[in-house]
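Here's the structure, in structure tokens; my notes come after.
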Amino acid sequence: MEKAKENSRGFLPPFRHFATQAIHVGQEPEQWKSMAVVPPISLSTTFKQRAPGEHCGFEYSRCGNPTRDCLEKAVAALDGAKYCLAYASGLAATLNIVHLLKAGDTIICTDDVYGGTNRYFRRIASELGLKTVFVDCTKLECLEAAITPETKLVWIETPTNPMMKVIDIQGCADIVHKHKGVLLAVDNTFMSAYFQRPLSLGADICMYSATKYMNGHSDVVMGLVSVNNSDLYERLKFLQYALGAVPSPFDAYLCNRGLKTLPIRMKQHFHNALVIARYLESDPRVEKVIFPGLTSHPQYELIKRQSTGCPGMISFYIKGNLECATTFLKNLKLFALAESLGGYESLAEHPAIMTHASVPKEEREALGISDTLIRMSIGLEDCEDLLEDLDQALKAAFPDHKVRN
């Protein structure tokens, strides 16, 4: 408990009733004839109607499903939102949001962004007549200068992937909402609903790859979108139905179950990540550590103002060259060399070769995604075991390094 208090010192206080809402909202036993405490998995694709056009809330599972409905209600509560919609993946959620636009519209996207988002905007949305401009949204003046009459959507992540830059959500919202008809969407995947509520900071849309922290067990691929505006919800609800990129009931059940432990998982992710970030920052074999929970992070004060804590995501530059980075990654034993993030297990990856390989090389280099950058998702293992694993992998990468007492 004391460690948790130390980690969160200076951040926003935890959102009230979060754990209770995660467990109870949308899960009421009274909605089932069986009074099941755990919402059942409704695998039926179709539902009997009383008379033609008179259904009991559900008619076809693409349009709506009882298990998915439980998940969407719970996530809406956790986001402080009126509505939530679930999708087959994070990119499916992105696709549905972008379908709010039309040919000729412009998207402003933060320059450091998930590789899949970058690829979709550059190679798919562009073919549909949409223009995307990439801007460093940590500099609000750059965002303001980039907005034109054609701008209809501003897309940000914070912290960004993989450079962990923190963007002022309220500041972006104030600028965006000076312009009628422009939406601000925040990819909240890294933070989860437990650490950050973009809608309360002025965003119009909060989206997730729920594959990551929201589910938290690396066994579901899913996207989530939360909003407060009723008209926006109806438009997105129609797109969810019409485009059909919905999750299976079983995946909805698993993600709903994952939410029940979200608060305790995120606290431990934060604790472990802070210990490891401090260790790496003090190690002479490491050039630089990028973790928003460190006082050395350039937006440390900002993340404390808009968040209740930090997730388990750390990026760092290892000294040396690509060979050193590769040797380090190949010698990890507890950390799995794998893409994705936010599960209970610790992962490490090489962004330039793996998650961000689709970003043009010159742009990767301009962002700082170099051959020596490593991204880690810190899991829930015992911290001393993770530290030992990192140390032995660093020793393998730098066999001639001698520890000075």
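Within each chain, counting starts at residue 1; across the structure tokens, chains are named A, B, ... in the order shown, with ligands numbered 1 upward in that order.
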
query: So which residues touch Val176 (chain A) within 12 Å, counting only C-alpha atoms, skipping near sequence neighbours fewer than 5 positions away, as a list in words?
result: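 Near neighbours after the sequence-gap exclusion: Ile107, Ile108, Cys137, Leu140, Glu141, Leu143, Glu144, Ala145, Ala146, Ile147, Thr148, Pro149, Thr151, Lys152, Leu153, Val154, Trp155, Ile156, Ile169, Gln170, Gly171, Gly181, Val182, Leu183, Leu184, Ala185, Gly202, Ala203 and Asp204 of chain A.
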
The selected residues should be written to file as a JSON list (two decimals), in the first residue's frame (atoms: N, CA and C atoms).
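Wrote it out as result32.json, contents follow:
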```
[["chain", "number", "residue", "atom", "x", "y", "z"],
["A", 107, "ILE", "N", -7.06, 14.74, -41.90],
["A", 107, "ILE", "CA", -6.79, 14.24, -40.55],
["A", 107, "ILE", "C", -5.45, 14.81, -40.10],
["A", 108, "ILE", "N", -5.40, 15.34, -38.89],
["A", 108, "ILE", "CA", -4.13, 15.69, -38.27],
["A", 108, "ILE", "C", -3.81, 14.60, -37.26],
["A", 137, "CYS", "N", 2.29, 17.04, -31.82],
["A", 137, "CYS", "CA", 1.21, 17.65, -31.03],
["A", 137, "CYS", "C", 1.63, 17.96, -29.59],
["A", 140, "LEU", "N", 1.68, 22.67, -28.99],
["A", 140, "LEU", "CA", 0.31, 23.07, -29.32],
["A", 140, "LEU", "C", 0.26, 24.10, -30.44],
["A", 141, "GLU", "N", 1.28, 24.93, -30.55],
["A", 141, "GLU", "CA", 1.30, 25.93, -31.61],
["A", 141, "GLU", "C", 1.40, 25.26, -32.99],
["A", 143, "LEU", "N", 0.07, 22.26, -33.70],
["A", 143, "LEU", "CA", -1.27, 21.76, -33.96],
["A", 143, "LEU", "C", -2.16, 22.87, -34.48],
["A", 144, "GLU", "N", -2.13, 24.01, -33.80],
["A", 144, "GLU", "CA", -3.00, 25.13, -34.19],
["A", 144, "GLU", "C", -2.69, 25.58, -35.61],
["A", 145, "ALA", "N", -1.41, 25.63, -35.95],
["A", 145, "ALA", "CA", -1.01, 26.09, -37.28],
["A", 145, "ALA", "C", -1.41, 25.10, -38.37],
["A", 146, "ALA", "N", -1.57, 23.83, -38.01],
["A", 146, "ALA", "CA", -1.86, 22.80, -39.01],
["A", 146, "ALA", "C", -3.34, 22.71, -39.37],
["A", 147, "ILE", "N", -4.21, 23.25, -38.53],
["A", 147, "ILE", "CA", -5.66, 23.13, -38.78],
["A", 147, "ILE", "C", -6.09, 24.03, -39.94],
["A", 148, "THR", "N", -6.83, 23.44, -40.88],
["A", 148, "THR", "CA", -7.35, 24.16, -42.03],
["A", 148, "THR", "C", -8.86, 23.94, -42.11],
["A", 149, "PRO", "N", -9.55, 24.63, -43.01],
["A", 149, "PRO", "CA", -11.00, 24.38, -43.15],
["A", 149, "PRO", "C", -11.33, 22.93, -43.51],
["A", 151, "THR", "N", -9.80, 20.31, -42.20],
["A", 151, "THR", "CA", -9.51, 19.43, -41.06],
["A", 151, "THR", "C", -10.81, 19.02, -40.37],
["A", 152, "LYS", "N", -10.98, 17.71, -40.20],
["A", 152, "LYS", "CA", -12.20, 17.19, -39.55],
["A", 152, "LYS", "C", -11.89, 16.28, -38.37],
["A", 153, "LEU", "N", -10.65, 15.83, -38.26],
["A", 153, "LEU", "CA", -10.29, 14.91, -37.18],
["A", 153, "LEU", "C", -8.86, 15.15, -36.76],
["A", 154, "VAL", "N", -8.66, 15.27, -35.44],
["A", 154, "VAL", "CA", -7.32, 15.33, -34.87],
["A", 154, "VAL", "C", -7.15, 14.06, -34.05],
["A", 155, "TRP", "N", -6.05, 13.34, -34.31],
["A", 155, "TRP", "CA", -5.82, 12.03, -33.69],
["A", 155, "TRP", "C", -4.53, 12.08, -32.88],
["A", 156, "ILE", "N", -4.65, 11.84, -31.59],
["A", 156, "ILE", "CA", -3.45, 11.84, -30.75],
["A", 156, "ILE", "C", -3.37, 10.57, -29.90],
["A", 169, "ILE", "N", -3.88, 16.93, -23.43],
["A", 169, "ILE", "CA", -5.20, 16.64, -24.01],
["A", 169, "ILE", "C", -6.11, 17.86, -23.92],
["A", 170, "GLN", "N", -6.16, 18.49, -22.76],
["A", 170, "GLN", "CA", -7.01, 19.67, -22.58],
["A", 170, "GLN", "C", -6.57, 20.79, -23.51],
["A", 171, "GLY", "N", -5.26, 20.97, -23.64],
["A", 171, "GLY", "CA", -4.74, 22.00, -24.54],
["A", 171, "GLY", "C", -5.13, 21.74, -25.98],
["A", 181, "GLY", "N", -16.96, 21.52, -36.13],
["A", 181, "GLY", "CA", -16.98, 20.30, -36.92],
["A", 181, "GLY", "C", -15.72, 19.47, -36.87],
["A", 182, "VAL", "N", -14.73, 19.86, -36.04],
["A", 182, "VAL", "CA", -13.50, 19.09, -35.92],
["A", 182, "VAL", "C", -13.58, 18.24, -34.65],
["A", 183, "LEU", "N", -13.27, 16.96, -34.78],
["A", 183, "LEU", "CA", -13.31, 16.03, -33.65],
["A", 183, "LEU", "C", -11.90, 15.77, -33.13],
["A", 184, "LEU", "N", -11.79, 15.60, -31.81],
["A", 184, "LEU", "CA", -10.53, 15.20, -31.19],
["A", 184, "LEU", "C", -10.68, 13.76, -30.69],
["A", 185, "ALA", "N", -9.87, 12.87, -31.25],
["A", 185, "ALA", "CA", -9.86, 11.47, -30.82],
["A", 185, "ALA", "C", -8.56, 11.18, -30.10],
["A", 202, "GLY", "N", -11.74, 16.90, -22.38],
["A", 202, "GLY", "CA", -12.21, 17.64, -23.55],
["A", 202, "GLY", "C", -12.21, 16.87, -24.85],
["A", 203, "ALA", "N", -11.71, 15.63, -24.86],
["A", 203, "ALA", "CA", -11.72, 14.85, -26.10],
["A", 203, "ALA", "C", -13.15, 14.47, -26.48],
["A", 204, "ASP", "N", -13.40, 14.30, -27.77],
["A", 204, "ASP", "CA", -14.71, 13.87, -28.26],
["A", 204, "ASP", "C", -14.81, 12.36, -28.29]]
```

task: Identify, with DSSP run on backbone atoms, the residues in region 13-124 of chain A assigned to strand (DSSP E or B), and express the list as number ranges by chain.
output: A: 46, 51, 54, 60, 83-87, 106-110

Export of prior selection with N, CA and C atoms as a JSON list (two decimals), in the first residue's frame:
```
[["chain", "number", "residue", "atom", "x", "y", "z"],
["A", 46, "THR", "N", -28.79, -15.08, -33.68],
["A", 46, "THR", "CA", -30.09, -14.47, -33.93],
["A", 46, "THR", "C", -31.01, -14.68, -32.73],
["A", 51, "ALA", "N", -43.15, -10.57, -32.54],
["A", 51, "ALA", "CA", -43.93, -10.38, -33.77],
["A", 51, "ALA", "C", -42.98, -9.74, -34.77],
["A", 54, "GLU", "N", -40.76, -6.81, -33.74],
["A", 54, "GLU", "CA", -40.87, -6.59, -32.29],
["A", 54, "GLU", "C", -39.89, -7.52, -31.56],
["A", 60, "TYR", "N", -30.00, -9.54, -34.07],
["A", 60, "TYR", "CA", -28.94, -10.22, -34.80],
["A", 60, "TYR", "C", -27.62, -9.78, -34.18],
["A", 83, "TYR", "N", -21.60, 6.38, -23.52],
["A", 83, "TYR", "CA", -21.71, 5.28, -24.46],
["A", 83, "TYR", "C", -20.35, 4.64, -24.73],
["A", 84, "CYS", "N", -20.38, 3.36, -25.07],
["A", 84, "CYS", "CA", -19.19, 2.66, -25.54],
["A", 84, "CYS", "C", -19.59, 1.66, -26.61],
["A", 85, "LEU", "N", -18.72, 1.47, -27.58],
["A", 85, "LEU", "CA", -18.93, 0.48, -28.64],
["A", 85, "LEU", "C", -17.68, -0.39, -28.74],
["A", 86, "ALA", "N", -17.89, -1.69, -28.93],
["A", 86, "ALA", "CA", -16.77, -2.63, -29.04],
["A", 86, "ALA", "C", -16.60, -3.08, -30.49],
["A", 87, "TYR", "N", -15.35, -3.29, -30.88],
["A", 87, "TYR", "CA", -15.01, -3.65, -32.25],
["A", 87, "TYR", "C", -14.07, -4.85, -32.27],
["A", 106, "THR", "N", -9.38, 16.28, -44.08],
["A", 106, "THR", "CA", -8.00, 16.14, -43.60],
["A", 106, "THR", "C", -7.99, 15.65, -42.17],
["A", 107, "ILE", "N", -7.06, 14.74, -41.90],
["A", 107, "ILE", "CA", -6.79, 14.24, -40.55],
["A", 107, "ILE", "C", -5.45, 14.81, -40.10],
["A", 108, "ILE", "N", -5.40, 15.34, -38.89],
["A", 108, "ILE", "CA", -4.13, 15.69, -38.27],
["A", 108, "ILE", "C", -3.81, 14.60, -37.26],
["A", 109, "CYS", "N", -2.67, 13.96, -37.44],
["A", 109, "CYS", "CA", -2.26, 12.87, -36.55],
["A", 109, "CYS", "C", -0.94, 13.22, -35.89],
["A", 110, "THR", "N", -0.82, 12.92, -34.61],
["A", 110, "THR", "CA", 0.45, 13.16, -33.94],
["A", 110, "THR", "C", 1.55, 12.37, -34.64]]
```

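CA of Val221 (chain A) sits 5.3 Å away from CA of Ser89 (chain A).
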
At a cut-off of 12 Å, can you tabulate as a tab-separated table every residue of region 169-218 of chain A near region 66-73 of chain A together with its closest atom pair and the distance in Å to one decimal, using only C-alpha atoms and ordering rows by chain then number?
```
residue	atom	partner	partner_atom	distance
A:Ala210	CA	A:Leu71	CA	11.3
A:Met214	CA	A:Leu71	CA	11.0
A:Asn215	CA	A:Leu71	CA	10.9
```

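CA of Met207 (chain A) to CA of Leu128 (chain A) spans 21.9 Å [interatomic distance, one decimal].
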
Met266 (chain A) environment, 8 Å, only C-alpha atoms, sequence neighbours closer than 5 positions dropped, as a ChimeraX atom specification: /A:194-195,213,311-312

- request: Please return as number ranges by chain: the residues of region 80-117 of chain A that backbone DSSP assigns to helix (DSSP H, G or I).
  value: A: 90-98, 115-117

Could you please take those selected residues and save N, CA, C and O atoms as a short mmCIF file (atom, residue, chain, number, x, y, z; two decimals), in the first residue's frame?
```cif
data_model
loop_
_atom_site.label_atom_id
_atom_site.label_comp_id
_atom_site.auth_asym_id
_atom_site.auth_seq_id
_atom_site.Cartn_x
_atom_site.Cartn_y
_atom_site.Cartn_z
N GLY A 90 -8.40 -2.97 -32.42
CA GLY A 90 -8.15 -1.54 -32.28
C GLY A 90 -8.19 -0.84 -33.63
O GLY A 90 -8.73 0.26 -33.76
N LEU A 91 -7.63 -1.47 -34.65
CA LEU A 91 -7.66 -0.88 -35.98
C LEU A 91 -9.07 -0.86 -36.56
O LEU A 91 -9.42 0.04 -37.33
N ALA A 92 -9.90 -1.83 -36.19
CA ALA A 92 -11.30 -1.80 -36.61
C ALA A 92 -12.00 -0.58 -35.99
O ALA A 92 -12.83 0.06 -36.64
N ALA A 93 -11.65 -0.27 -34.75
CA ALA A 93 -12.19 0.93 -34.10
C ALA A 93 -11.73 2.18 -34.84
O ALA A 93 -12.51 3.11 -35.10
N THR A 94 -10.45 2.22 -35.20
CA THR A 94 -9.91 3.35 -35.96
C THR A 94 -10.63 3.50 -37.29
O THR A 94 -11.03 4.61 -37.69
N LEU A 95 -10.81 2.39 -37.99
CA LEU A 95 -11.51 2.39 -39.28
C LEU A 95 -12.91 2.99 -39.14
O LEU A 95 -13.33 3.81 -39.97
N ASN A 96 -13.65 2.59 -38.11
CA ASN A 96 -15.01 3.09 -37.92
C ASN A 96 -15.01 4.58 -37.64
O ASN A 96 -15.89 5.31 -38.12
N ILE A 97 -14.05 5.05 -36.86
CA ILE A 97 -13.97 6.49 -36.58
C ILE A 97 -13.68 7.27 -37.86
O ILE A 97 -14.32 8.30 -38.14
N VAL A 98 -12.75 6.78 -38.66
CA VAL A 98 -12.38 7.47 -39.89
C VAL A 98 -13.54 7.48 -40.89
O VAL A 98 -13.66 8.40 -41.70
N GLY A 115 2.42 2.08 -35.11
CA GLY A 115 2.76 1.80 -36.50
C GLY A 115 1.56 1.41 -37.35
O GLY A 115 1.48 1.77 -38.54
N GLY A 116 0.61 0.68 -36.79
CA GLY A 116 -0.58 0.30 -37.53
C GLY A 116 -1.46 1.48 -37.88
O GLY A 116 -2.07 1.53 -38.96
N THR A 117 -1.53 2.46 -36.98
CA THR A 117 -2.29 3.68 -37.25
C THR A 117 -1.62 4.47 -38.36
O THR A 117 -2.28 4.95 -39.29
#
```

field: Proximity to His269 (chain A) - best of A:Gly343, A:Gly80, A:Pro39, A:Gly57, only C-alpha atoms
entry: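 Nearest candidate to His269 (chain A) out of A:Gly343, A:Gly80, A:Pro39, A:Gly57: A:Gly343.
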
message: Which residues are close to Met354 (chain A), i.e. within 9 Å by only C-alpha atoms, leaving aside same-chain residues fewer than 5 positions away? Reply as a count of residues only.
response: 3

message: Applying 7 Å and only C-alpha atoms, which residues near Gln196 (chain A) remain after dropping the ones on its own chain fewer than 4 positions away? List them as a PyMOL selection string.
response: chain A and resi 191-192+306-308

query: With distances taken over only C-alpha atoms, which of A:His297, A:Cys310, A:Gln27, A:Asn272 is nearest to Leu380 (chain A)?
result: A:Asn272

query: With distances taken over only C-alpha atoms, which of A:Arg278, A:Arg9, A:Lys180, A:Lys48 is nearest to Gly309 (chain A)?
result: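 Result for the nearest residue to Gly309 (chain A): A:Arg9.
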
Show which residues sit within 9 Å of Asn188 (chain A), as a PDB file with all heavy atoms, in the first residue's frame. Count only C-alpha atoms, and ignore same-chain residues fewer than 5 positions away.
```pdb
ATOM      1  N   ILE A 156      -4.646  11.836 -31.585  1.00  0.00           N
ATOM      2  CA  ILE A 156      -3.447  11.835 -30.749  1.00  0.00           C
ATOM      3  C   ILE A 156      -3.374  10.566 -29.903  1.00  0.00           C
ATOM      4  O   ILE A 156      -4.390   9.924 -29.627  1.00  0.00           O
ATOM      5  CB  ILE A 156      -3.372  13.076 -29.821  1.00  0.00           C
ATOM      6  CG1 ILE A 156      -4.519  13.089 -28.811  1.00  0.00           C
ATOM      7  CG2 ILE A 156      -3.330  14.360 -30.626  1.00  0.00           C
ATOM      8  CD1 ILE A 156      -4.399  14.196 -27.755  1.00  0.00           C
ATOM      9  N   GLU A 157      -2.169  10.213 -29.548  1.00  0.00           N
ATOM     10  CA  GLU A 157      -1.884   9.210 -28.519  1.00  0.00           C
ATOM     11  C   GLU A 157      -1.123   9.931 -27.417  1.00  0.00           C
ATOM     12  O   GLU A 157      -0.319  10.824 -27.702  1.00  0.00           O
ATOM     13  CB  GLU A 157      -0.945   8.124 -29.038  1.00  0.00           C
ATOM     14  CG  GLU A 157      -1.471   7.206 -30.073  1.00  0.00           C
ATOM     15  CD  GLU A 157      -0.401   6.233 -30.563  1.00  0.00           C
ATOM     16  OE1 GLU A 157       0.766   6.330 -30.114  1.00  0.00           O
ATOM     17  OE2 GLU A 157      -0.725   5.390 -31.393  1.00  0.00           O
ATOM     18  N   THR A 158      -1.340   9.539 -26.190  1.00  0.00           N
ATOM     19  CA  THR A 158      -0.525  10.068 -25.109  1.00  0.00           C
ATOM     20  C   THR A 158      -0.556   9.129 -23.917  1.00  0.00           C
ATOM     21  O   THR A 158      -1.623   8.817 -23.416  1.00  0.00           O
ATOM     22  CB  THR A 158      -0.967  11.500 -24.703  1.00  0.00           C
ATOM     23  OG1 THR A 158      -0.136  11.957 -23.634  1.00  0.00           O
ATOM     24  CG2 THR A 158      -2.423  11.598 -24.283  1.00  0.00           C
ATOM     25  N   PRO A 159       0.620   8.585 -23.531  1.00  0.00           N
ATOM     26  CA  PRO A 159       1.926   8.767 -24.155  1.00  0.00           C
ATOM     27  C   PRO A 159       1.968   8.136 -25.551  1.00  0.00           C
ATOM     28  O   PRO A 159       1.217   7.209 -25.844  1.00  0.00           O
ATOM     29  CB  PRO A 159       2.886   8.039 -23.203  1.00  0.00           C
ATOM     30  CG  PRO A 159       2.149   7.913 -21.911  1.00  0.00           C
ATOM     31  CD  PRO A 159       0.703   7.800 -22.280  1.00  0.00           C
ATOM     32  N   ALA A 193      -8.308   2.999 -19.001  1.00  0.00           N
ATOM     33  CA  ALA A 193      -9.269   3.882 -18.326  1.00  0.00           C
ATOM     34  C   ALA A 193      -8.869   4.158 -16.883  1.00  0.00           C
ATOM     35  O   ALA A 193      -9.293   5.158 -16.303  1.00  0.00           O
ATOM     36  CB  ALA A 193     -10.665   3.257 -18.372  1.00  0.00           C
ATOM     37  N   GLN A 196      -6.261   7.322 -17.080  1.00  0.00           N
ATOM     38  CA  GLN A 196      -6.540   8.541 -17.838  1.00  0.00           C
ATOM     39  C   GLN A 196      -7.940   8.505 -18.440  1.00  0.00           C
ATOM     40  O   GLN A 196      -8.359   7.483 -18.977  1.00  0.00           O
ATOM     41  CB  GLN A 196      -5.503   8.672 -18.963  1.00  0.00           C
ATOM     42  CG  GLN A 196      -5.509   9.986 -19.709  1.00  0.00           C
ATOM     43  CD  GLN A 196      -4.237  10.157 -20.518  1.00  0.00           C
ATOM     44  OE1 GLN A 196      -3.264  10.739 -20.049  1.00  0.00           O
ATOM     45  NE2 GLN A 196      -4.209   9.635 -21.729  1.00  0.00           N
ATOM     46  N   ARG A 197      -8.636   9.649 -18.334  1.00  0.00           N
ATOM     47  CA  ARG A 197      -9.973   9.790 -18.907  1.00  0.00           C
ATOM     48  C   ARG A 197      -9.978  10.948 -19.910  1.00  0.00           C
ATOM     49  O   ARG A 197     -10.267  12.097 -19.550  1.00  0.00           O
ATOM     50  CB  ARG A 197     -11.011  10.023 -17.811  1.00  0.00           C
ATOM     51  CG  ARG A 197     -11.408   8.754 -17.070  1.00  0.00           C
ATOM     52  CD  ARG A 197     -12.484   9.025 -16.043  1.00  0.00           C
ATOM     53  NE  ARG A 197     -13.029   7.761 -15.514  1.00  0.00           N
ATOM     54  CZ  ARG A 197     -13.871   7.679 -14.501  1.00  0.00           C
ATOM     55  NH1 ARG A 197     -14.292   8.789 -13.891  1.00  0.00           N
ATOM     56  NH2 ARG A 197     -14.312   6.494 -14.091  1.00  0.00           N
ATOM     57  N   PRO A 198      -9.678  10.679 -21.164  1.00  0.00           N
ATOM     58  CA  PRO A 198      -9.606  11.757 -22.158  1.00  0.00           C
ATOM     59  C   PRO A 198     -10.894  12.552 -22.319  1.00  0.00           C
ATOM     60  O   PRO A 198     -10.851  13.758 -22.575  1.00  0.00           O
ATOM     61  CB  PRO A 198      -9.252  11.000 -23.446  1.00  0.00           C
ATOM     62  CG  PRO A 198      -8.524   9.782 -22.983  1.00  0.00           C
ATOM     63  CD  PRO A 198      -9.217   9.391 -21.716  1.00  0.00           C
ATOM     64  N   CYS A 206     -12.715   8.639 -27.156  1.00  0.00           N
ATOM     65  CA  CYS A 206     -11.656   7.889 -26.474  1.00  0.00           C
ATOM     66  C   CYS A 206     -11.664   6.482 -27.053  1.00  0.00           C
ATOM     67  O   CYS A 206     -12.707   5.812 -27.039  1.00  0.00           O
ATOM     68  CB  CYS A 206     -11.909   7.847 -24.968  1.00  0.00           C
ATOM     69  SG  CYS A 206     -10.798   6.741 -24.058  1.00  0.00           S
ATOM     70  N   MET A 207     -10.532   6.045 -27.614  1.00  0.00           N
ATOM     71  CA  MET A 207     -10.507   4.709 -28.200  1.00  0.00           C
ATOM     72  C   MET A 207      -9.357   3.892 -27.620  1.00  0.00           C
ATOM     73  O   MET A 207      -8.407   4.437 -27.060  1.00  0.00           O
ATOM     74  CB  MET A 207     -10.437   4.752 -29.730  1.00  0.00           C
ATOM     75  CG  MET A 207      -9.140   5.241 -30.337  1.00  0.00           C
ATOM     76  SD  MET A 207      -7.774   4.040 -30.373  1.00  0.00           S
ATOM     77  CE  MET A 207      -8.472   2.717 -31.364  1.00  0.00           C
ATOM     78  N   TYR A 208      -9.494   2.577 -27.741  1.00  0.00           N
ATOM     79  CA  TYR A 208      -8.477   1.651 -27.229  1.00  0.00           C
ATOM     80  C   TYR A 208      -8.266   0.498 -28.198  1.00  0.00           C
ATOM     81  O   TYR A 208      -9.222   0.046 -28.845  1.00  0.00           O
ATOM     82  CB  TYR A 208      -8.937   0.979 -25.914  1.00  0.00           C
ATOM     83  CG  TYR A 208      -9.247   1.883 -24.779  1.00  0.00           C
ATOM     84  CD1 TYR A 208     -10.556   2.334 -24.588  1.00  0.00           C
ATOM     85  CD2 TYR A 208      -8.270   2.274 -23.867  1.00  0.00           C
ATOM     86  CE1 TYR A 208     -10.876   3.155 -23.518  1.00  0.00           C
ATOM     87  CE2 TYR A 208      -8.587   3.095 -22.799  1.00  0.00           C
ATOM     88  CZ  TYR A 208      -9.883   3.539 -22.633  1.00  0.00           C
ATOM     89  OH  TYR A 208     -10.197   4.357 -21.576  1.00  0.00           O
ATOM     90  N   SER A 209      -7.061   0.022 -28.234  1.00  0.00           N
ATOM     91  CA  SER A 209      -6.864  -1.374 -28.568  1.00  0.00           C
ATOM     92  C   SER A 209      -7.019  -2.104 -27.241  1.00  0.00           C
ATOM     93  O   SER A 209      -6.114  -2.110 -26.406  1.00  0.00           O
ATOM     94  CB  SER A 209      -5.476  -1.631 -29.158  1.00  0.00           C
ATOM     95  OG  SER A 209      -5.244  -3.028 -29.229  1.00  0.00           O
TER      96      SER A 209
END
```

- prompt: Interatomic distance between CA of Glu59 (chain A) and CA of Ala242 (chain A)?
  reply: 14.5 Å
